[in-house]
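Take a look at the structure below.
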Amino acid sequence: MARAVRGIYTPTAIFPYGAAPKSNGGTRALSDHKKTGLNAASDLEPFKHKILSYSEIAWFFGTNYFMRVSDVADAFAHLPIAPELWPF
């Protein structure tokens with residue numbers, strides 16, 4: 001298969017590809033980007049961040065904002081407010 005693919009596309013990378021279960025159902029595709037060369041070709045700097053949820057929420061409360069929580073199904077999978085709650 002590698003020979004057939006490389007016969008059509010000269011720059012290729014063959015790497016393991018798999019799937020992992022998501023916490024809220026379904027699966028997530030995964031691959032080894034070190035082997036594909038994608039990591040070396042990507043600028044990931046804009047995606048680095050610090051978790052500042054507590055200080056940001058406190059700042060908004062201090063500026064006369066309020067917080068209302070309604071539909072929280074699967075919220076912790078998407079909004080990691082407190083690290084000690086992440087496993088749940």
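Each chain in the structure tokens gets a letter, A, B and so on, in the order shown; residues start at 1 in every chain, and ligands are counted from 1 in the order they appear.
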
Residue list (helix (DSSP H, G or I), DSSP) for range 2-79 of chain A, as a PyMOL selection string:
chain A and resi 2-8+33-36+38-41+45-47+53-62+75-78

Residues within 9 Å of Tyr17 in chain A, please, as a ChimeraX atom specification. Count only C-alpha atoms; anything in the same chain fewer than 5 positions from it doesn't count.
/A:29-32

Skip Ala2 in chain A itself and residues of its chain fewer than 5 positions away, then list as a list in words all residues within 10 Å of it, counting only C-alpha atoms.
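Returned residues: Gly7, Thr12, Ala13 and Ile14 of chain A.
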
Under the rule that only C-alpha atoms are counted, which of A:Glu56, A:Ile51, A:Tyr65, A:Pro16 is the nearest residue to Lys35 in chain A?
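Closest to Lys35 in chain A, using only C-alpha atoms: A:Pro16.
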
Figure out the distance between CA of Ser53 in chain A and CA of Met67 in chain A, please, to one decimal in Å.
13.0 Å

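Between Phe15 in chain A and the candidates A:Arg28, A:Thr36, A:Arg3, A:Pro46, the tightest atom-to-atom separation, counting only C-alpha atoms, involves A:Thr36.
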